[in-house]
>>> print(open('model15.pdb').read())   # PDB, C-alpha atoms and all ligand atoms
MODEL        1
ATOM      1  CA  MET A 672       8.912  10.258  12.533
ATOM      2  CA  PRO A 673       8.967  10.579   8.725
ATOM      3  CA  GLY A 674       6.131   9.378   6.524
ATOM      4  CA  THR A 675       3.457  12.072   6.650
ATOM      5  CA  ILE A 676       1.413  12.500   3.476
ATOM      6  CA  ASP A 677      -0.658  15.604   2.825
ATOM      7  CA  ILE A 678      -3.044  15.464  -0.101
ATOM      8  CA  LYS A 679      -4.489  18.806  -1.199
ATOM      9  CA  GLU A 680      -7.379  19.204  -3.628
ATOM     10  CA  LEU A 681      -6.430  16.144  -5.645
ATOM     11  CA  HIS A 682      -8.370  15.697  -8.880
ATOM     12  CA  VAL A 683      -7.753  12.762 -11.198
ATOM     13  CA  SER A 684      -9.308  11.925 -14.537
ATOM     14  CA  TYR A 685      -8.870   9.173 -17.119
ATOM     15  CA  ASN A 686      -9.379  10.351 -20.687
ATOM     16  CA  GLY A 687     -11.369  13.291 -19.421
ATOM     17  CA  ILE A 688     -13.590  11.272 -17.099
ATOM     18  CA  LYS A 689     -13.312  12.562 -13.536
ATOM     19  CA  VAL A 690     -12.563   9.866 -11.039
ATOM     20  CA  LEU A 691     -11.246  11.724  -7.970
ATOM     21  CA  LYS A 692     -12.942  15.018  -7.272
ATOM     22  CA  GLY A 693     -10.928  17.164  -4.901
ATOM     23  CA  ILE A 694      -9.512  14.892  -2.205
ATOM     24  CA  ASP A 695      -8.048  16.547   0.894
ATOM     25  CA  LEU A 696      -6.484  14.081   3.256
ATOM     26  CA  SER A 697      -3.615  14.014   5.737
ATOM     27  CA  ILE A 698      -2.227  10.577   6.421
ATOM     28  CA  PRO A 699      -0.510  10.392   9.812
ATOM     29  CA  PRO A 700       2.978   8.884  10.159
ATOM     30  CA  GLY A 701       3.628   5.575  11.873
ATOM     31  CA  LYS A 702      -0.003   4.510  11.634
ATOM     32  CA  VAL A 703      -2.049   2.235   9.423
ATOM     33  CA  THR A 704      -4.633   4.093   7.353
ATOM     34  CA  ALA A 705      -7.229   2.045   5.489
ATOM     35  CA  LEU A 706      -8.924   3.307   2.328
ATOM     36  CA  ILE A 707     -12.378   1.786   2.018
ATOM     37  CA  GLY A 708     -15.254   2.270  -0.380
ATOM     38  CA  PRO A 709     -17.202   0.450  -3.091
ATOM     39  CA  SER A 710     -15.590  -0.894  -6.246
ATOM     40  CA  GLY A 711     -14.710   1.843  -8.709
ATOM     41  CA  CYS A 712     -14.789   4.698  -6.176
ATOM     42  CA  GLY A 713     -11.121   5.553  -6.794
ATOM     43  CA  LYS A 714      -9.100   3.818  -4.058
ATOM     44  CA  THR A 715      -6.432   2.365  -6.344
ATOM     45  CA  THR A 716      -6.298   5.633  -8.267
ATOM     46  CA  LEU A 717      -5.590   7.522  -5.053
ATOM     47  CA  LEU A 718      -2.941   5.020  -3.979
ATOM     48  CA  ARG A 719      -1.156   5.239  -7.340
ATOM     49  CA  CYS A 720      -0.928   9.029  -7.045
ATOM     50  CA  LEU A 721       1.080   8.710  -3.845
ATOM     51  CA  ASN A 722       4.135   7.308  -5.628
ATOM     52  CA  ARG A 723       3.322   8.847  -9.007
ATOM     53  CA  LEU A 724       2.614   5.532 -10.689
ATOM     54  CA  SER A 725      -0.360   7.514 -12.011
ATOM     55  CA  SER A 726       2.004   9.369 -14.328
ATOM     56  CA  LEU A 727       2.753   6.090 -16.124
ATOM     57  CA  ILE A 728      -0.893   5.441 -16.964
ATOM     58  CA  LYS A 729      -2.091   6.502 -20.376
ATOM     59  CA  GLY A 730      -4.876   9.059 -20.311
ATOM     60  CA  CYS A 731      -4.480   9.767 -16.597
ATOM     61  CA  LYS A 732      -4.350  13.435 -15.589
ATOM     62  CA  THR A 733      -3.861  14.705 -12.069
ATOM     63  CA  LYS A 734      -4.347  18.121 -10.511
ATOM     64  CA  GLY A 735      -3.606  19.218  -6.972
ATOM     65  CA  LYS A 736      -0.692  18.660  -4.646
ATOM     66  CA  ILE A 737       0.708  15.830  -2.620
ATOM     67  CA  TYR A 738       3.375  16.465  -0.003
ATOM     68  CA  LEU A 739       5.614  13.856   1.557
ATOM     69  CA  ASP A 740       6.966  15.246   4.830
ATOM     70  CA  GLY A 741       6.311  18.722   3.514
ATOM     71  CA  GLU A 742       7.984  18.168   0.157
ATOM     72  CA  ASP A 743       5.980  18.362  -3.066
ATOM     73  CA  ILE A 744       6.284  14.880  -4.611
ATOM     74  CA  GLN A 745       6.002  16.365  -8.087
ATOM     75  CA  GLN A 746       9.377  18.002  -7.521
ATOM     76  CA  MET A 747      11.034  14.807  -6.376
ATOM     77  CA  ASP A 748      12.974  12.352  -8.491
ATOM     78  CA  ALA A 749      10.514   9.537  -9.310
ATOM     79  CA  VAL A 750      12.996   6.778  -8.490
ATOM     80  CA  LEU A 751      13.820   8.307  -5.113
ATOM     81  CA  LEU A 752      10.136   8.868  -4.420
ATOM     82  CA  ARG A 753       9.312   5.223  -5.152
ATOM     83  CA  ARG A 754      12.159   4.128  -2.915
ATOM     84  CA  ARG A 755      10.574   6.050  -0.061
ATOM     85  CA  VAL A 756       7.050   5.013  -0.965
ATOM     86  CA  GLY A 757       6.939   1.259  -1.611
ATOM     87  CA  MET A 758       3.971  -0.630  -2.985
ATOM     88  CA  VAL A 759       2.541  -4.135  -2.832
ATOM     89  CA  PHE A 760      -0.110  -5.026  -5.392
ATOM     90  CA  GLN A 761      -3.218  -7.151  -5.225
ATOM     91  CA  LYS A 762      -1.658 -10.082  -7.061
ATOM     92  CA  PRO A 763       1.746 -11.247  -5.814
ATOM     93  CA  ASN A 764       4.472 -10.363  -8.339
ATOM     94  CA  PRO A 765       7.680 -12.040  -7.209
ATOM     95  CA  PHE A 766      10.572 -12.056  -9.657
ATOM     96  CA  PRO A 767      11.794 -15.307 -11.234
ATOM     97  CA  MET A 768      14.748 -15.723  -8.888
ATOM     98  CA  SER A 769      15.508 -17.064  -5.447
ATOM     99  CA  VAL A 770      13.804 -15.961  -2.257
ATOM    100  CA  ARG A 771      17.016 -14.225  -1.177
ATOM    101  CA  GLU A 772      17.456 -12.433  -4.498
ATOM    102  CA  ASN A 773      13.856 -11.256  -4.368
ATOM    103  CA  VAL A 774      14.336  -9.704  -0.942
ATOM    104  CA  LEU A 775      17.537  -7.983  -2.033
ATOM    105  CA  TYR A 776      16.304  -6.914  -5.442
ATOM    106  CA  GLY A 777      15.516  -3.292  -4.622
ATOM    107  CA  LEU A 778      18.680  -2.811  -2.660
ATOM    108  CA  LYS A 779      20.936  -4.215  -5.348
ATOM    109  CA  ALA A 780      19.155  -2.270  -8.044
ATOM    110  CA  ASN A 781      19.665   0.942  -6.085
ATOM    111  CA  ASN A 782      23.141   0.532  -4.673
ATOM    112  CA  ASP A 783      26.024  -0.774  -6.604
ATOM    113  CA  ASN A 784      29.646  -0.596  -5.592
ATOM    114  CA  HIS A 785      29.047   0.642  -2.125
ATOM    115  CA  HIS A 786      27.275  -2.498  -0.986
ATOM    116  CA  ARG A 787      28.850  -4.966  -3.307
ATOM    117  CA  ARG A 788      30.756  -6.837  -0.652
ATOM    118  CA  ALA A 789      28.252  -6.310   2.112
ATOM    119  CA  ASP A 790      26.928  -9.234   4.064
ATOM    120  CA  TYR A 791      23.242  -9.229   3.262
ATOM    121  CA  GLY A 792      22.329 -12.131   5.535
ATOM    122  CA  PRO A 793      20.986 -10.028   8.440
ATOM    123  CA  LEU A 794      18.924  -7.854   6.115
ATOM    124  CA  VAL A 795      17.369 -10.876   4.401
ATOM    125  CA  GLU A 796      16.539 -12.327   7.789
ATOM    126  CA  SER A 797      15.102  -9.163   9.312
ATOM    127  CA  SER A 798      12.987  -8.424   6.231
ATOM    128  CA  LEU A 799      11.564 -11.943   6.200
ATOM    129  CA  VAL A 800      10.938 -11.775   9.944
ATOM    130  CA  LYS A 801       8.962  -8.550   9.504
ATOM    131  CA  ALA A 802       6.923 -10.151   6.746
ATOM    132  CA  ALA A 803       6.184 -13.149   9.009
ATOM    133  CA  LEU A 804       7.973 -15.473   6.613
ATOM    134  CA  TRP A 805      11.337 -16.253   8.157
ATOM    135  CA  GLU A 806      10.384 -19.391  10.068
ATOM    136  CA  GLU A 807       8.778 -20.894   6.970
ATOM    137  CA  LEU A 808      11.516 -20.046   4.539
ATOM    138  CA  LYS A 809      14.811 -19.833   6.404
ATOM    139  CA  ASP A 810      15.905 -23.185   4.939
ATOM    140  CA  ARG A 811      14.658 -22.351   1.450
ATOM    141  CA  LEU A 812      16.372 -19.042   0.742
ATOM    142  CA  GLU A 813      17.886 -20.356  -2.482
ATOM    143  CA  HIS A 814      14.613 -21.791  -3.803
ATOM    144  CA  ASN A 815      12.872 -20.074  -6.666
ATOM    145  CA  ALA A 816      10.117 -17.741  -5.509
ATOM    146  CA  PHE A 817       7.719 -19.208  -8.071
ATOM    147  CA  ALA A 818       7.722 -22.446  -6.071
ATOM    148  CA  LEU A 819       6.134 -20.705  -3.084
ATOM    149  CA  SER A 820       2.449 -20.673  -2.235
ATOM    150  CA  LEU A 821       0.469 -17.576  -3.173
ATOM    151  CA  GLY A 822       0.376 -16.401   0.431
ATOM    152  CA  GLN A 823       4.127 -16.847   0.769
ATOM    153  CA  GLN A 824       4.698 -15.016  -2.517
ATOM    154  CA  GLN A 825       2.665 -12.063  -1.262
ATOM    155  CA  ARG A 826       4.557 -11.906   2.024
ATOM    156  CA  LEU A 827       7.785 -12.144   0.015
ATOM    157  CA  CYS A 828       6.713  -9.100  -2.013
ATOM    158  CA  PHE A 829       6.053  -7.379   1.278
ATOM    159  CA  ALA A 830       9.535  -8.335   2.523
ATOM    160  CA  ARG A 831      11.025  -7.053  -0.743
ATOM    161  CA  SER A 832       9.428  -3.636  -0.198
ATOM    162  CA  LEU A 833      10.472  -3.532   3.439
ATOM    163  CA  ALA A 834      14.106  -4.384   2.671
ATOM    164  CA  ILE A 835      14.806  -0.904   1.332
ATOM    165  CA  SER A 836      13.358   0.747   4.467
ATOM    166  CA  PRO A 837      10.608   2.811   2.881
ATOM    167  CA  ASP A 838       8.992   5.617   4.874
ATOM    168  CA  ILE A 839       5.612   4.596   3.517
ATOM    169  CA  ILE A 840       4.216   1.370   2.213
ATOM    170  CA  LEU A 841       1.143   1.212  -0.004
ATOM    171  CA  LEU A 842      -0.863  -2.001  -0.012
ATOM    172  CA  ASP A 843      -3.601  -2.452  -2.618
ATOM    173  CA  GLU A 844      -5.859  -5.233  -1.369
ATOM    174  CA  PRO A 845      -2.805  -7.312  -0.501
ATOM    175  CA  ALA A 846      -4.782 -10.124   1.093
ATOM    176  CA  SER A 847      -7.584 -10.504  -1.427
ATOM    177  CA  SER A 848      -6.071 -13.503  -3.192
ATOM    178  CA  LEU A 849      -4.932 -15.178   0.001
ATOM    179  CA  ASP A 850      -6.479 -17.924   2.112
ATOM    180  CA  PRO A 851      -7.589 -16.903   5.631
ATOM    181  CA  ILE A 852      -4.433 -18.153   7.353
ATOM    182  CA  SER A 853      -2.086 -16.368   4.938
ATOM    183  CA  ALA A 854      -4.236 -13.258   5.198
ATOM    184  CA  SER A 855      -3.991 -13.271   8.957
ATOM    185  CA  GLN A 856      -0.203 -13.742   8.775
ATOM    186  CA  LEU A 857      -0.031 -10.733   6.458
ATOM    187  CA  GLU A 858      -2.194  -8.728   8.845
ATOM    188  CA  SER A 859       0.087  -9.505  11.766
ATOM    189  CA  SER A 860       3.100  -8.367   9.805
ATOM    190  CA  ILE A 861       1.310  -5.119   8.882
ATOM    191  CA  LEU A 862       0.732  -4.474  12.565
ATOM    192  CA  SER A 863       4.347  -5.195  13.409
ATOM    193  CA  ILE A 864       5.893  -2.778  10.912
ATOM    194  CA  LYS A 865       3.938   0.366  11.659
ATOM    195  CA  GLU A 866       6.500   1.333  14.289
ATOM    196  CA  GLU A 867       8.933   2.005  11.469
ATOM    197  CA  CYS A 868       6.815   3.020   8.531
ATOM    198  CA  THR A 869       3.490   4.514   7.577
ATOM    199  CA  VAL A 870       1.064   2.059   6.018
ATOM    200  CA  VAL A 871      -1.775   2.865   3.622
ATOM    201  CA  ILE A 872      -3.930  -0.152   2.825
ATOM    202  CA  VAL A 873      -6.825  -0.473   0.409
ATOM    203  CA  THR A 874      -9.215  -3.163   1.507
ATOM    204  CA  HIS A 875     -12.698  -4.369   0.678
ATOM    205  CA  ASN A 876     -12.727  -6.381   3.814
ATOM    206  CA  LEU A 877     -14.252  -4.245   6.575
ATOM    207  CA  PRO A 878     -13.409  -6.603   9.453
ATOM    208  CA  GLN A 879      -9.835  -6.498   8.179
ATOM    209  CA  ALA A 880      -9.856  -2.694   8.122
ATOM    210  CA  LEU A 881     -11.126  -2.759  11.690
ATOM    211  CA  ARG A 882      -8.391  -5.190  12.759
ATOM    212  CA  VAL A 883      -5.374  -3.553  11.153
ATOM    213  CA  SER A 884      -6.026   0.150  10.767
ATOM    214  CA  ASP A 885      -5.729   3.085  13.145
ATOM    215  CA  TYR A 886      -7.468   5.483  10.760
ATOM    216  CA  VAL A 887      -9.958   4.911   8.011
ATOM    217  CA  ALA A 888     -10.890   6.992   4.975
ATOM    218  CA  PHE A 889     -14.207   6.236   3.293
ATOM    219  CA  ILE A 890     -14.289   7.186  -0.364
ATOM    220  CA  TYR A 891     -17.469   7.276  -2.400
ATOM    221  CA  LEU A 892     -17.824   8.290  -6.047
ATOM    222  CA  GLY A 893     -14.418   9.959  -6.063
ATOM    223  CA  GLU A 894     -14.946  12.008  -2.922
ATOM    224  CA  LEU A 895     -13.648  11.607   0.595
ATOM    225  CA  VAL A 896     -16.802  11.207   2.645
ATOM    226  CA  GLU A 897     -15.294  10.553   6.033
ATOM    227  CA  PHE A 898     -11.909  10.225   7.707
ATOM    228  CA  GLY A 899     -11.166   9.475  11.313
ATOM    229  CA  GLU A 900      -9.991   7.003  13.902
ATOM    230  CA  THR A 901     -11.088   3.555  12.817
ATOM    231  CA  SER A 902     -12.807   2.658  16.077
ATOM    232  CA  LYS A 903     -14.811   5.905  16.044
ATOM    233  CA  VAL A 904     -15.782   5.707  12.378
ATOM    234  CA  PHE A 905     -16.958   2.117  12.766
ATOM    235  CA  LYS A 906     -18.782   2.776  16.025
ATOM    236  CA  SER A 907     -20.381   6.105  15.221
ATOM    237  CA  PRO A 908     -19.931   7.260  11.638
ATOM    238  CA  GLN A 909     -20.701  10.930  11.074
ATOM    239  CA  SER A 910     -22.060  10.556   7.584
ATOM    240  CA  GLN A 911     -25.199   8.684   6.569
ATOM    241  CA  LYS A 912     -23.352   7.243   3.556
ATOM    242  CA  THR A 913     -20.581   5.829   5.743
ATOM    243  CA  ARG A 914     -23.187   4.317   8.040
ATOM    244  CA  GLU A 915     -24.871   2.610   5.101
ATOM    245  CA  TYR A 916     -21.607   1.314   3.675
ATOM    246  CA  ILE A 917     -20.342  -0.016   6.984
ATOM    247  CA  GLY A 918     -23.768  -1.490   7.658
ATOM    248  CA  GLY A 919     -23.521  -3.457   4.403
ATOM    249  CA  LYS A 920     -26.319  -1.602   2.620
ATOM    250  CA  PHE A 921     -24.169  -1.324  -0.526
ATOM    251  CA  GLY A 922     -20.713  -2.375  -1.527
TER     252      GLY A 922
HETATM  253  N1  LIG B   1      -6.178   2.964 -16.477
HETATM  254  C1  LIG B   1      -7.448   3.392 -16.461
HETATM  255  N2  LIG B   1      -8.004   3.922 -17.578
HETATM  256  C2  LIG B   1      -9.281   4.362 -17.571
HETATM  257  N3  LIG B   1     -10.083   4.327 -16.487
HETATM  258  C3  LIG B   1      -9.591   3.822 -15.358
HETATM  259  C4  LIG B   1      -8.247   3.322 -15.283
HETATM  260  N4  LIG B   1      -8.028   2.878 -14.016
HETATM  261  C5  LIG B   1      -9.183   3.088 -13.360
HETATM  262  N5  LIG B   1     -10.120   3.651 -14.142
HETATM  263  C6  LIG B   1     -11.492   4.017 -13.739
HETATM  264  O1  LIG B   1     -11.433   4.896 -12.640
HETATM  265  C7  LIG B   1     -12.435   4.595 -11.686
HETATM  266  C8  LIG B   1     -11.766   4.311 -10.339
HETATM  267  O2  LIG B   1     -10.991   3.149 -10.473
HETATM  268  P1  LIG B   1     -10.113   2.554  -9.292
HETATM  269  O3  LIG B   1      -9.369   1.401  -9.850
HETATM  270  O4  LIG B   1      -9.328   3.655  -8.688
HETATM  271  O5  LIG B   1     -11.239   2.101  -8.264
HETATM  272  P2  LIG B   1     -11.136   1.212  -6.959
HETATM  273  O6  LIG B   1     -11.838   1.956  -5.885
HETATM  274  O7  LIG B   1      -9.741   0.809  -6.720
HETATM  275  O8  LIG B   1     -12.019  -0.075  -7.357
HETATM  276  P3  LIG B   1     -11.822  -1.610  -6.926
HETATM  277  O9  LIG B   1     -12.310  -1.688  -5.519
HETATM  278  O10 LIG B   1     -12.728  -2.362  -7.861
HETATM  279  O11 LIG B   1     -10.390  -1.974  -7.094
HETATM  280  C9  LIG B   1     -13.214   3.416 -12.242
HETATM  281  O12 LIG B   1     -14.349   3.914 -12.867
HETATM  282  C10 LIG B   1     -12.255   2.808 -13.236
HETATM  283  O13 LIG B   1     -12.956   2.176 -14.292
HETATM  284 MG    MG B   2      -8.710  -0.998  -6.735
ENDMDL
END
>>> encode(input="model15.pdb", output="structure tokens")
Amino acid sequence: MPGTIDIKELHVSYNGIKVLKGIDLSIPPGKVTALIGPSGCGKTTLLRCLNRLSSLIKGCKTKGKIYLDGEDIQQMDAVLLRRRVGMVFQKPNPFPMSVRENVLYGLKANNDNHHRRADYGPLVESSLVKAALWEELKDRLEHNAFALSLGQQQRLCFARSLAISPDIILLDEPASSLDPISASQLESSILSIKEECTVVIVTHNLPQALRVSDYVAFIYLGELVEFGETSKVFKSPQSQKTREYIGGKFG
């Protein structure tokens, strides 16, 4: 199964200030890996390196290598890379168009003539089903996405990323602005898609990490302190720092 990420000696700085200090991490395919750690430890920075959004940030310098299925991402075309590695941000960012157009946005932007006359109905449906949104929205496909609730907007952004069949999907605290019911709907859709793509999720919510992830990486002050199977790390962390963080001693 595609979707393996290998991070080797990754260093990142902003305007000369070191933020990630030599991260080595292999993210397994077809699983959910959660990145946890206190605010400012570098989780978003790490996530943004995986699809090279980091290269668009002023003052950001990276050193080290990241491989996607054995291929150095630095050598890949950025547009193709971002098609394979989708991302959903903390705040929902639907486009000012219909639900259907939002779902199809990536596909239409990427393909032109080839798919012009295609029937997109099944793809819209399957993407919304995966994002646990179909039942709610099947009669509102032509409505503007801005009219949706925040939770629906976030699941729509998720559906939009899924529609182009990425190998990997990056989620940066996707549920933090959602109410508990929307958050749990998002969690169930995360669990349902890992059969077909690798998921990397940043979350502050430890119970959520425990519910959705197979593996967990604990980052502290720009270093990877611990990585392992979620159940093991939560039950018997190897590092004292992980134990303290999971035990709520700091956060
Ligand atoms: N664009 C930027 N320019 C300068 N410094 C930045 C930039 N983005 C992040 N930083 C700094 O890098 C460090 C890591 O930030 P990052 O956003 O990766 O942390 P985080 O773990 O995602 O935190 P949070 O949990 O609060 O989202 C912080 O000290 C932050 O201030
Ligand atoms: Mg962050």
>>> atom_distance(input="model15.pdb", atom1="atom C8 of ligand LIG 1 (chain B)", atom2="CA of Leu892 in chain A")
8.4 Å
>>> closest_atom_pairs(input="model15.pdb", of="chain A", to="ligand LIG 1 (chain B)", cutoff="10 Å", atoms="only C-alpha atoms and all ligand atoms", output="tab-separated table")
residue	atom	partner	partner_atom	distance
A:Val683	CA	B:LIG1	O1	8.8
A:Ser684	CA	B:LIG1	O1	7.6
A:Tyr685	CA	B:LIG1	C2	4.8
A:Asn686	CA	B:LIG1	C2	6.8
A:Gly687	CA	B:LIG1	C2	9.4
A:Ile688	CA	B:LIG1	N3	7.8
A:Lys689	CA	B:LIG1	O1	7.9
A:Val690	CA	B:LIG1	C7	5.3
A:Leu691	CA	B:LIG1	C8	7.8
A:Leu706	CA	B:LIG1	O6	8.8
A:Ile707	CA	B:LIG1	O6	7.9
A:Gly708	CA	B:LIG1	O6	6.5
A:Pro709	CA	B:LIG1	O9	5.9
A:Ser710	CA	B:LIG1	O9	3.5
A:Gly711	CA	B:LIG1	O5	3.5
A:Cys712	CA	B:LIG1	O6	4.0
A:Gly713	CA	B:LIG1	O4	3.2
A:Lys714	CA	B:LIG1	O6	3.8
A:Thr715	CA	B:LIG1	O7	3.7
A:Thr716	CA	B:LIG1	O4	3.6
A:Leu717	CA	B:LIG1	O4	6.5
A:Leu718	CA	B:LIG1	O4	8.1
A:Arg719	CA	B:LIG1	O4	8.4
A:Ser725	CA	B:LIG1	N1	8.6
A:Leu727	CA	B:LIG1	N1	9.5
A:Ile728	CA	B:LIG1	N1	5.9
A:Lys729	CA	B:LIG1	N1	6.7
A:Gly730	CA	B:LIG1	N2	6.6
A:Cys731	CA	B:LIG1	N2	6.9
A:Gln761	CA	B:LIG1	O11	9.0
A:Asp843	CA	B:LIG1	O7	8.1
A:Glu844	CA	B:LIG1	O11	8.0
A:Val873	CA	B:LIG1	O7	7.8
A:Thr874	CA	B:LIG1	O9	7.8
A:His875	CA	B:LIG1	O9	6.8
A:Ile890	CA	B:LIG1	O6	8.0
A:Tyr891	CA	B:LIG1	O6	8.5
A:Leu892	CA	B:LIG1	C8	8.4
A:Gly893	CA	B:LIG1	C8	7.6
A:Gly922	CA	B:LIG1	O9	9.3
>>> resolve_selection(input="model15.pdb", expression="the PyMOL selection byres (((chain A and resi 847) around 12) and not hetatm)", output="JSON, numbers by chain")
{"A": [760, 761, 762, 763, 821, 822, 825, 842, 843, 844, 845, 846, 848, 849, 850, 851, 853, 854, 855, 857, 858, 872, 873, 874, 875, 876, 879]}
>>> resolve_selection(input="model15.pdb", expression="the PyMOL selection byres (((chain A and resi 918) around 12) and not hetatm)", output="PyMOL selection string")
chain A and resi 877-878+904-908+911-917+919-922
>>> residues_around(input="model15.pdb", residues="Arg771 in chain A", least_positions_apart="6", cutoff="9 Å", atoms="all atoms listed in the file", output="PyMOL selection string")
chain A and resi 792+795+811-814+816
>>> resolve_selection(input="model15.pdb", expression="the PyMOL selection byres (((chain A and resi 900-902) around 10) and not hetatm)", output="list of chain:residue names")
A:Val703, A:Thr704, A:Ala705, A:Ala880, A:Leu881, A:Arg882, A:Val883, A:Ser884, A:Asp885, A:Tyr886, A:Val887, A:Ala888, A:Phe898, A:Gly899, A:Lys903, A:Val904, A:Phe905, A:Lys906, A:Ser907, A:Pro908
>>> residues_around(input="model15.pdb", residues="range 867-869 of chain A", least_positions_apart="4", cutoff="6 Å", atoms="only C-alpha atoms", output="MDAnalysis selection string")
chainID A and resid 674 700:702 838:839
>>> write_last_selection(input="model15.pdb", atoms="C-alpha atoms", output="short mmCIF file (atom, residue, chain, number, x, y, z; two decimals), in the coordinates of the input")
data_model
loop_
_atom_site.label_atom_id
_atom_site.label_comp_id
_atom_site.auth_asym_id
_atom_site.auth_seq_id
_atom_site.Cartn_x
_atom_site.Cartn_y
_atom_site.Cartn_z
CA GLY A 674 6.13 9.38 6.52
CA PRO A 700 2.98 8.88 10.16
CA GLY A 701 3.63 5.58 11.87
CA LYS A 702 0.00 4.51 11.63
CA ASP A 838 8.99 5.62 4.87
CA ILE A 839 5.61 4.60 3.52
#
>>> residues_around(input="model15.pdb", residues="Leu833 in chain A", least_positions_apart="4", cutoff="7 Å", atoms="all atoms listed in the file", output="number ranges by chain")
A: 798, 829, 837
>>> atom_distance(input="model15.pdb", atom1="CA of Asp743 in chain A", atom2="CA of Ile694 in chain A")
15.9 Å
>>> closest_residue(input="model15.pdb", among="A:Ile676, A:Lys801, A:Leu895, A:Gln824", to="Ser863 in chain A", atoms="only C-alpha atoms")
A:Lys801
>>> residues_near_point(input="model15.pdb", point="(0.0, 15.5, 9.8)", cutoff="10 Å", atoms="all atoms listed in the file", output="number ranges by chain")
A: 674-677, 696-700, 740-741
>>> atom_distance(input="model15.pdb", atom1="CA of Phe766 in chain A", atom2="CA of Ala818 in chain A")
11.4 Å
>>> residues_around(input="model15.pdb", residues="Ala749 in chain A", least_positions_apart="3", cutoff="12 Å", atoms="all atoms listed in the file", output="ChimeraX atom specification")
/A:720-727,743-746,752-757
>>> closest_residue(input="model15.pdb", among="A:Asp748, A:Asp695, A:Glu680, A:Glu807", to="Lys734 in chain A", atoms="only C-alpha atoms")
A:Glu680
>>> build_atoms(input="model15.pdb", residues="range 739-753 of chain A", atoms="N, CA and C atoms", output="PDB file, in the coordinates of the input")
ATOM      1  N   LEU A 739       5.053  14.914   0.716  1.00  0.00           N
ATOM      2  CA  LEU A 739       5.614  13.856   1.557  1.00  0.00           C
ATOM      3  C   LEU A 739       6.566  14.547   2.534  1.00  0.00           C
ATOM      4  N   ASP A 740       6.207  14.524   3.803  1.00  0.00           N
ATOM      5  CA  ASP A 740       6.966  15.246   4.830  1.00  0.00           C
ATOM      6  C   ASP A 740       7.244  16.686   4.385  1.00  0.00           C
ATOM      7  N   GLY A 741       6.220  17.310   3.873  1.00  0.00           N
ATOM      8  CA  GLY A 741       6.311  18.722   3.514  1.00  0.00           C
ATOM      9  C   GLY A 741       6.884  18.997   2.138  1.00  0.00           C
ATOM     10  N   GLU A 742       7.351  17.967   1.456  1.00  0.00           N
ATOM     11  CA  GLU A 742       7.984  18.168   0.157  1.00  0.00           C
ATOM     12  C   GLU A 742       7.016  17.760  -0.955  1.00  0.00           C
ATOM     13  N   ASP A 743       6.866  18.628  -1.931  1.00  0.00           N
ATOM     14  CA  ASP A 743       5.980  18.362  -3.066  1.00  0.00           C
ATOM     15  C   ASP A 743       6.513  17.174  -3.870  1.00  0.00           C
ATOM     16  N   ILE A 744       5.733  16.089  -3.955  1.00  0.00           N
ATOM     17  CA  ILE A 744       6.284  14.880  -4.611  1.00  0.00           C
ATOM     18  C   ILE A 744       6.511  15.087  -6.107  1.00  0.00           C
ATOM     19  N   GLN A 745       5.820  16.079  -6.660  1.00  0.00           N
ATOM     20  CA  GLN A 745       6.002  16.365  -8.087  1.00  0.00           C
ATOM     21  C   GLN A 745       7.424  16.857  -8.379  1.00  0.00           C
ATOM     22  N   GLN A 746       8.029  17.470  -7.357  1.00  0.00           N
ATOM     23  CA  GLN A 746       9.377  18.002  -7.521  1.00  0.00           C
ATOM     24  C   GLN A 746      10.462  16.957  -7.234  1.00  0.00           C
ATOM     25  N   MET A 747      10.038  15.810  -6.776  1.00  0.00           N
ATOM     26  CA  MET A 747      11.034  14.807  -6.376  1.00  0.00           C
ATOM     27  C   MET A 747      11.385  13.894  -7.549  1.00  0.00           C
ATOM     28  N   ASP A 748      12.570  13.339  -7.502  1.00  0.00           N
ATOM     29  CA  ASP A 748      12.974  12.352  -8.491  1.00  0.00           C
ATOM     30  C   ASP A 748      12.079  11.114  -8.301  1.00  0.00           C
ATOM     31  N   ALA A 749      11.499  10.619  -9.413  1.00  0.00           N
ATOM     32  CA  ALA A 749      10.514   9.537  -9.310  1.00  0.00           C
ATOM     33  C   ALA A 749      11.115   8.266  -8.693  1.00  0.00           C
ATOM     34  N   VAL A 750      12.368   7.991  -9.022  1.00  0.00           N
ATOM     35  CA  VAL A 750      12.996   6.778  -8.490  1.00  0.00           C
ATOM     36  C   VAL A 750      13.192   6.898  -6.975  1.00  0.00           C
ATOM     37  N   LEU A 751      13.634   8.087  -6.558  1.00  0.00           N
ATOM     38  CA  LEU A 751      13.820   8.307  -5.113  1.00  0.00           C
ATOM     39  C   LEU A 751      12.478   8.269  -4.387  1.00  0.00           C
ATOM     40  N   LEU A 752      11.470   8.871  -5.022  1.00  0.00           N
ATOM     41  CA  LEU A 752      10.136   8.868  -4.420  1.00  0.00           C
ATOM     42  C   LEU A 752       9.662   7.429  -4.218  1.00  0.00           C
ATOM     43  N   ARG A 753       9.814   6.602  -5.245  1.00  0.00           N
ATOM     44  CA  ARG A 753       9.312   5.223  -5.152  1.00  0.00           C
ATOM     45  C   ARG A 753      10.148   4.367  -4.215  1.00  0.00           C
TER      46      ARG A 753
END
